[in-house]
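The structure file start-v9.pdb is reproduced below (PDB, C-alpha atoms).
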```
ATOM      1  CA  MET A   1     100.831 394.554 168.601
ATOM      2  CA  SER A   2     101.510 397.743 170.551
ATOM      3  CA  GLN A   3      99.715 398.468 173.822
ATOM      4  CA  PRO A   4      96.766 400.881 173.485
ATOM      5  CA  THR A   5      97.187 404.442 174.695
ATOM      6  CA  PRO A   6      95.342 405.150 177.998
ATOM      7  CA  ARG A   7      92.013 406.689 177.061
ATOM      8  CA  ARG A   8      90.535 409.486 179.138
ATOM      9  CA  GLN A   9      86.824 409.921 179.175
ATOM     10  CA  ALA A  10      84.936 412.653 177.398
ATOM     11  CA  LEU A  11      81.445 413.708 178.358
ATOM     12  CA  LYS A  12      80.170 415.059 175.064
ATOM     13  CA  ILE A  13      77.714 417.920 174.887
ATOM     14  CA  ALA A  14      75.690 416.863 171.878
ATOM     15  CA  SER A  15      72.539 414.840 172.510
ATOM     16  CA  ALA A  16      69.618 414.800 174.913
ATOM     17  CA  ALA A  17      69.878 411.031 175.398
ATOM     18  CA  GLY A  18      72.418 408.992 177.318
ATOM     19  CA  LEU A  19      72.456 410.295 180.887
ATOM     20  CA  ALA A  20      71.345 406.973 182.326
ATOM     21  CA  SER A  21      74.183 405.131 180.652
ATOM     22  CA  LEU A  22      76.565 407.752 182.041
ATOM     23  CA  LEU A  23      75.367 407.298 185.596
ATOM     24  CA  GLY A  24      75.387 403.533 185.363
ATOM     25  CA  THR A  25      78.734 403.019 183.650
ATOM     26  CA  PRO A  26      81.404 401.098 185.619
ATOM     27  CA  ALA A  27      84.076 403.315 184.068
ATOM     28  CA  PHE A  28      83.893 405.741 187.008
ATOM     29  CA  ALA A  29      86.271 405.112 189.883
ATOM     30  CA  GLN A  30      84.682 404.447 193.264
ATOM     31  CA  ASP A  31      87.578 405.238 195.615
ATOM     32  CA  GLY A  32      85.936 408.238 197.264
ATOM     33  CA  ALA A  33      87.995 410.801 195.368
ATOM     34  CA  PRO A  34      86.046 413.703 193.845
ATOM     35  CA  LEU A  35      84.876 413.254 190.280
ATOM     36  CA  ARG A  36      86.194 416.223 188.321
ATOM     37  CA  LEU A  37      84.282 417.630 185.358
ATOM     38  CA  VAL A  38      86.778 419.668 183.354
ATOM     39  CA  VAL A  39      85.153 422.396 181.245
ATOM     40  CA  THR A  40      87.354 423.828 178.502
ATOM     41  CA  PHE A  41      85.597 427.208 178.481
ATOM     42  CA  PRO A  42      85.159 429.992 181.072
ATOM     43  CA  PRO A  43      82.055 430.232 183.275
ATOM     44  CA  GLY A  44      78.804 431.403 181.723
ATOM     45  CA  GLY A  45      78.838 429.493 178.450
ATOM     46  CA  SER A  46      76.693 426.533 177.434
ATOM     47  CA  THR A  47      79.310 423.888 178.259
ATOM     48  CA  ASP A  48      79.836 425.345 181.734
ATOM     49  CA  ILE A  49      76.085 425.644 182.336
ATOM     50  CA  THR A  50      75.572 422.017 181.296
ATOM     51  CA  ALA A  51      78.326 420.792 183.604
ATOM     52  CA  ARG A  52      76.844 422.674 186.569
ATOM     53  CA  ILE A  53      73.382 421.260 185.889
ATOM     54  CA  LEU A  54      74.860 417.753 185.850
ATOM     55  CA  GLN A  55      77.048 418.324 188.922
ATOM     56  CA  PRO A  56      74.479 417.879 191.750
ATOM     57  CA  VAL A  57      72.689 415.045 189.930
ATOM     58  CA  LEU A  58      75.923 413.108 189.461
ATOM     59  CA  SER A  59      76.974 413.737 193.064
ATOM     60  CA  GLN A  60      73.648 412.482 194.430
ATOM     61  CA  ARG A  61      73.397 409.448 192.171
ATOM     62  CA  MET A  62      77.017 408.382 192.616
ATOM     63  CA  GLY A  63      77.328 409.217 196.318
ATOM     64  CA  ARG A  64      80.588 411.103 195.907
ATOM     65  CA  PRO A  65      81.730 414.708 195.506
ATOM     66  CA  VAL A  66      81.625 416.149 191.980
ATOM     67  CA  VAL A  67      83.478 419.367 191.179
ATOM     68  CA  VAL A  68      83.516 421.513 188.040
ATOM     69  CA  GLU A  69      86.896 422.885 186.968
ATOM     70  CA  ASN A  70      87.106 425.578 184.272
ATOM     71  CA  LYS A  71      90.300 425.393 182.235
ATOM     72  CA  PRO A  72      89.764 427.630 179.192
ATOM     73  CA  GLY A  73      92.204 428.661 176.512
ATOM     74  CA  ALA A  74      93.480 427.946 172.995
ATOM     75  CA  ALA A  75      90.086 426.919 171.606
ATOM     76  CA  SER A  76      89.676 424.319 174.389
ATOM     77  CA  GLN A  77      93.158 422.819 173.946
ATOM     78  CA  VAL A  78      94.295 423.848 177.455
ATOM     79  CA  GLY A  79      91.595 421.919 179.287
ATOM     80  CA  THR A  80      91.688 418.997 176.882
ATOM     81  CA  GLN A  81      95.448 418.588 177.278
ATOM     82  CA  TYR A  82      94.997 418.751 181.054
ATOM     83  CA  VAL A  83      92.582 415.826 180.940
ATOM     84  CA  ALA A  84      94.770 413.928 178.460
ATOM     85  CA  LYS A  85      97.628 414.043 180.981
ATOM     86  CA  ALA A  86      95.453 413.141 183.970
ATOM     87  CA  ALA A  87      95.611 409.642 185.419
ATOM     88  CA  PRO A  88      93.175 407.377 183.490
ATOM     89  CA  ASP A  89      91.468 406.324 186.727
ATOM     90  CA  GLY A  90      87.923 407.466 185.966
ATOM     91  CA  ASN A  91      88.126 410.492 188.279
ATOM     92  CA  THR A  92      88.605 413.144 185.565
ATOM     93  CA  LEU A  93      86.105 413.735 182.775
ATOM     94  CA  LEU A  94      86.294 416.135 179.865
ATOM     95  CA  VAL A  95      83.054 418.014 179.275
ATOM     96  CA  CYS A  96      83.498 418.828 175.613
ATOM     97  CA  PHE A  97      81.610 420.642 172.920
ATOM     98  CA  ASP A  98      82.103 421.215 169.202
ATOM     99  CA  SER A  99      85.792 422.080 169.441
ATOM    100  CA  HIS A 100      86.655 418.518 170.481
ATOM    101  CA  ALA A 101      85.516 417.309 167.062
ATOM    102  CA  ILE A 102      86.706 420.310 165.056
ATOM    103  CA  ASN A 103      90.218 420.723 166.498
ATOM    104  CA  PRO A 104      91.774 417.515 165.088
ATOM    105  CA  ILE A 105      90.631 418.608 161.624
ATOM    106  CA  ALA A 106      91.460 422.313 161.856
ATOM    107  CA  LYS A 107      94.606 422.106 164.003
ATOM    108  CA  PRO A 108      97.071 419.402 162.865
ATOM    109  CA  ASN A 109      99.595 419.857 165.705
ATOM    110  CA  LEU A 110      97.508 419.284 168.813
ATOM    111  CA  PRO A 111      99.399 418.415 172.032
ATOM    112  CA  TYR A 112      97.250 415.268 172.389
ATOM    113  CA  ASP A 113      95.608 412.663 170.168
ATOM    114  CA  THR A 114      91.849 413.211 170.138
ATOM    115  CA  PHE A 115      91.143 409.666 168.930
ATOM    116  CA  LYS A 116      93.691 407.690 170.975
ATOM    117  CA  ASP A 117      93.726 409.625 174.250
ATOM    118  CA  PHE A 118      89.956 409.801 174.842
ATOM    119  CA  SER A 119      86.960 407.515 174.860
ATOM    120  CA  GLY A 120      83.402 408.789 174.856
ATOM    121  CA  VAL A 121      81.191 408.208 177.883
ATOM    122  CA  THR A 122      77.889 409.651 176.760
ATOM    123  CA  LEU A 123      76.123 412.318 174.761
ATOM    124  CA  ALA A 124      74.627 414.545 177.413
ATOM    125  CA  VAL A 125      72.519 417.274 175.818
ATOM    126  CA  ARG A 126      71.493 418.617 172.447
ATOM    127  CA  PHE A 127      70.479 422.209 171.910
ATOM    128  CA  PRO A 128      69.959 424.651 169.043
ATOM    129  CA  LEU A 129      72.045 427.756 168.617
ATOM    130  CA  VAL A 130      70.674 431.278 168.536
ATOM    131  CA  ILE A 131      71.988 434.168 166.459
ATOM    132  CA  ALA A 132      71.613 437.197 168.708
ATOM    133  CA  ALA A 133      72.368 440.890 168.205
ATOM    134  CA  SER A 134      72.998 443.929 170.350
ATOM    135  CA  ALA A 135      70.460 446.726 170.677
ATOM    136  CA  SER A 136      72.432 448.842 168.186
ATOM    137  CA  VAL A 137      71.396 446.507 165.352
ATOM    138  CA  LYS A 138      68.180 447.803 163.810
ATOM    139  CA  ALA A 139      67.147 444.504 162.206
ATOM    140  CA  ASN A 140      64.907 442.050 164.030
ATOM    141  CA  ASP A 141      65.725 438.944 161.994
ATOM    142  CA  LEU A 142      68.719 437.462 160.189
ATOM    143  CA  ARG A 143      67.578 438.509 156.736
ATOM    144  CA  GLY A 144      67.261 442.089 157.947
ATOM    145  CA  PHE A 145      70.714 442.001 159.549
ATOM    146  CA  ILE A 146      72.287 440.749 156.325
ATOM    147  CA  GLU A 147      70.731 443.648 154.431
ATOM    148  CA  GLU A 148      71.891 446.076 157.109
ATOM    149  CA  ALA A 149      75.438 444.682 156.926
ATOM    150  CA  ARG A 150      75.453 444.936 153.137
ATOM    151  CA  GLN A 151      74.500 448.592 153.316
ATOM    152  CA  GLN A 152      77.231 449.312 155.901
ATOM    153  CA  PRO A 153      80.202 447.058 155.071
ATOM    154  CA  GLY A 154      82.790 446.821 157.834
ATOM    155  CA  LYS A 155      80.572 448.364 160.501
ATOM    156  CA  PHE A 156      79.657 445.162 162.352
ATOM    157  CA  SER A 157      81.639 442.448 164.100
ATOM    158  CA  TYR A 158      80.608 439.109 165.563
ATOM    159  CA  ALA A 159      81.860 437.434 168.732
ATOM    160  CA  SER A 160      82.773 433.739 168.698
ATOM    161  CA  THR A 161      84.074 431.320 171.299
ATOM    162  CA  GLY A 162      87.413 431.049 169.491
ATOM    163  CA  LEU A 163      89.141 430.335 166.202
ATOM    164  CA  GLY A 164      87.859 427.131 164.655
ATOM    165  CA  SER A 165      84.832 426.901 166.946
ATOM    166  CA  MET A 166      81.486 425.906 165.493
ATOM    167  CA  ASN A 167      80.032 429.399 165.865
ATOM    168  CA  HIS A 168      83.087 430.796 164.062
ATOM    169  CA  LEU A 169      82.702 428.355 161.161
ATOM    170  CA  VAL A 170      78.924 428.803 160.901
ATOM    171  CA  MET A 171      79.161 432.594 160.892
ATOM    172  CA  GLU A 172      81.890 432.478 158.252
ATOM    173  CA  ASP A 173      79.641 430.276 156.138
ATOM    174  CA  ILE A 174      76.784 432.785 156.546
ATOM    175  CA  LYS A 175      79.162 435.569 155.479
ATOM    176  CA  ARG A 176      80.318 433.582 152.453
ATOM    177  CA  ARG A 177      76.815 432.739 151.334
ATOM    178  CA  SER A 178      75.477 436.241 151.947
ATOM    179  CA  LYS A 179      78.544 438.140 150.717
ATOM    180  CA  VAL A 180      78.662 440.439 153.728
ATOM    181  CA  ASP A 181      81.647 442.017 155.481
ATOM    182  CA  VAL A 182      81.408 441.303 159.218
ATOM    183  CA  LEU A 183      84.603 441.180 161.305
ATOM    184  CA  HIS A 184      85.314 438.070 163.396
ATOM    185  CA  VAL A 185      86.366 438.721 167.014
ATOM    186  CA  PRO A 186      87.305 435.495 168.883
ATOM    187  CA  TYR A 187      86.792 435.259 172.651
ATOM    188  CA  GLY A 188      87.686 432.575 175.162
ATOM    189  CA  GLY A 189      84.147 431.242 175.565
ATOM    190  CA  GLY A 190      80.424 431.915 175.496
ATOM    191  CA  GLY A 191      80.423 434.077 178.620
ATOM    192  CA  PRO A 192      82.893 436.647 177.264
ATOM    193  CA  ALA A 193      81.138 436.581 173.864
ATOM    194  CA  VAL A 194      77.816 437.468 175.511
ATOM    195  CA  GLN A 195      79.476 440.296 177.434
ATOM    196  CA  ALA A 196      80.938 441.654 174.185
ATOM    197  CA  VAL A 197      77.471 441.847 172.616
ATOM    198  CA  LEU A 198      75.994 443.416 175.757
ATOM    199  CA  ALA A 199      78.702 446.077 175.655
ATOM    200  CA  ASP A 200      78.200 446.477 171.889
ATOM    201  CA  THR A 201      81.898 445.737 171.380
ATOM    202  CA  SER A 202      80.612 443.140 168.938
ATOM    203  CA  GLN A 203      77.135 443.410 167.500
ATOM    204  CA  ILE A 204      76.253 439.778 166.858
ATOM    205  CA  THR A 205      77.025 436.275 168.121
ATOM    206  CA  LEU A 206      75.933 432.672 167.615
ATOM    207  CA  LEU A 207      75.608 430.759 170.902
ATOM    208  CA  SER A 208      73.394 428.283 172.689
ATOM    209  CA  TYR A 209      70.041 429.510 173.949
ATOM    210  CA  ALA A 210      71.165 428.620 177.483
ATOM    211  CA  ALA A 211      73.998 431.145 177.255
ATOM    212  CA  LEU A 212      71.720 433.867 175.861
ATOM    213  CA  ARG A 213      68.386 433.175 177.534
ATOM    214  CA  ALA A 214      68.618 435.618 180.444
ATOM    215  CA  GLN A 215      69.776 438.468 178.227
ATOM    216  CA  ILE A 216      67.100 437.783 175.597
ATOM    217  CA  GLN A 217      64.351 437.660 178.217
ATOM    218  CA  ALA A 218      65.622 440.898 179.755
ATOM    219  CA  GLY A 219      65.534 442.578 176.348
ATOM    220  CA  LYS A 220      69.264 443.335 176.437
ATOM    221  CA  VAL A 221      69.958 441.354 173.250
ATOM    222  CA  LYS A 222      67.553 440.231 170.544
ATOM    223  CA  ALA A 223      67.327 436.841 168.884
ATOM    224  CA  LEU A 224      67.506 437.025 165.099
ATOM    225  CA  ALA A 225      67.396 433.331 164.186
ATOM    226  CA  VAL A 226      67.499 429.815 165.616
ATOM    227  CA  THR A 227      69.355 426.879 164.092
ATOM    228  CA  GLY A 228      67.532 423.601 163.553
ATOM    229  CA  ALA A 229      64.332 422.517 161.835
ATOM    230  CA  LYS A 230      61.905 423.763 164.493
ATOM    231  CA  ARG A 231      61.301 426.975 166.399
ATOM    232  CA  LEU A 232      62.172 427.102 170.082
ATOM    233  CA  PRO A 233      59.087 427.018 172.323
ATOM    234  CA  ASP A 234      60.581 429.932 174.286
ATOM    235  CA  LEU A 235      61.086 431.932 171.073
ATOM    236  CA  PRO A 236      58.018 431.204 168.938
ATOM    237  CA  GLN A 237      58.395 434.468 167.044
ATOM    238  CA  VAL A 238      61.997 433.757 165.974
TER     239      VAL A 238
END
```
Could you spell out this file's structure in structure tokens?
Amino acid sequence: MSQPTPRRQALKIASAAGLASLLGTPAFAQDGAPLRLVVTFPPGGSTDITARILQPVLSQRMGRPVVVENKPGAASQVGTQYVAKAAPDGNTLLVCFDSHAINPIAKPNLPYDTFKDFSGVTLAVRFPLVIAASASVKANDLRGFIEEARQQPGKFSYASTGLGSMNHLVMEDIKRRSKVDVLHVPYGGGGPAVQAVLADTSQITLLSYAALRAQIQAGKVKALAVTGAKRLPDLPQV
């Protein structure tokens, strides 16, 4: 029987439960070296925000330095490959989001093996996504935007966090179901996607509420819809 491939650890951004098991796991090295949280997207997106919320808590609870490293690119492949090649000593964690699950299905020639090179540590957070629009969109809800897009085919574009990302696939499904013509513009992460909507380079995006909260509260973008079965307490009207 062949020897198993060294498995790097992946801190998955998916569920609200599991932080205690993360902090208590013996999988983390205790040699005094900094624990590195590798984020596969640029600063400002939901994955980066989550990592920076966890950073001081992990450092305090584990009694060692914890640093966040942003390594964006190629729909998270750059950062993921970096972690896959890191020493499997417990000092390097991948903070991953939807692309970690989607890439092995959508991209057959990855430079790493998602299933053999990584082992999950915990599910850290779960959050709904918000469909938000720039001020140039007249509609105030998703139904209204779809009607607006139908009346002006080709006028609007939406910003995603990259080809094959969850927000790309969900928006394409909305387009297919609604039969609307909205151009896809991929960006390197949530931060750049938000900036595109603020600048009205793209008129709509689908991101976590954490990535959009400040801009929604400031009235710079407007929330059209929220994914999930319940309304967000912060957005009771959406």
Please evaluate the PyMOL selection byres ((chain A and resi 131) around 7) against the displayed coordinates and give the resulting residues as a PDB file with C-alpha atoms, keeping the file's coordinate frame.
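The result, stored in part_1.pdb:
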```pdb
ATOM      1  CA  LEU A 129      72.045 427.756 168.617  1.00  0.00           C
ATOM      2  CA  VAL A 130      70.674 431.278 168.536  1.00  0.00           C
ATOM      3  CA  ALA A 132      71.613 437.197 168.708  1.00  0.00           C
ATOM      4  CA  ALA A 133      72.368 440.890 168.205  1.00  0.00           C
ATOM      5  CA  THR A 205      77.025 436.275 168.121  1.00  0.00           C
ATOM      6  CA  LEU A 206      75.933 432.672 167.615  1.00  0.00           C
ATOM      7  CA  LEU A 207      75.608 430.759 170.902  1.00  0.00           C
ATOM      8  CA  ALA A 223      67.327 436.841 168.884  1.00  0.00           C
ATOM      9  CA  LEU A 224      67.506 437.025 165.099  1.00  0.00           C
ATOM     10  CA  ALA A 225      67.396 433.331 164.186  1.00  0.00           C
ATOM     11  CA  VAL A 226      67.499 429.815 165.616  1.00  0.00           C
TER      12      VAL A 226
END
```
Requested in this report: Pick out the residues sitting within 7 Å of A:Pro186, and hand them over as an MDAnalysis selection string; count all atoms listed in the file, and ignore anything fewer than 5 positions along from it in its own chain.
Outcome: chainID A and resid 159:163
Report task. Figure out the distance between atom CA of A:His168 and atom CA of A:Ala101, please, to one decimal in Å. Result -> 14.0 Å
Query raised in the report: If you measure from atom CA of A:Ala229 to atom CA of A:Leu142, what distance in Å do you get, rounded to one decimal?
Result: 15.7 Å
Query - Close residues, stretch 53-70 of chain A itself excluded, 9 Å, only C-alpha atoms, min 6 positions apart in chain, as a VMD selection string - result: chain A and resid 23 to 24 30 32 to 43 79
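Going from atom CA of A:Gly188 to atom CA of A:Phe97 covers 13.6 Å.
With only C-alpha atoms as the basis for measurement, A:Leu94 is the residue among A:Val221, A:Leu94, A:Val170, A:Ala139 that approaches A:Asp48 most closely.
Counting all atoms listed in the file, stretch 196-203 of chain A has the following residues at most 9 Å away, ignoring those fewer than 2 positions along the same chain: Ala132, Ala133, Ser134, Ala135, Ser136, Val137, Phe156, Ser157, Tyr158, Ala159, Leu183, His184, Val185, Tyr187, Gly191, Pro192, Ala193, Val194, Thr205, Gln215, Lys220 and Val221 of chain A.
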Query raised in the report: Using all atoms listed in the file, which of A:Lys107, A:His100, A:Lys222, A:Lys116 sits nearest A:Thr47?
Result: A:His100
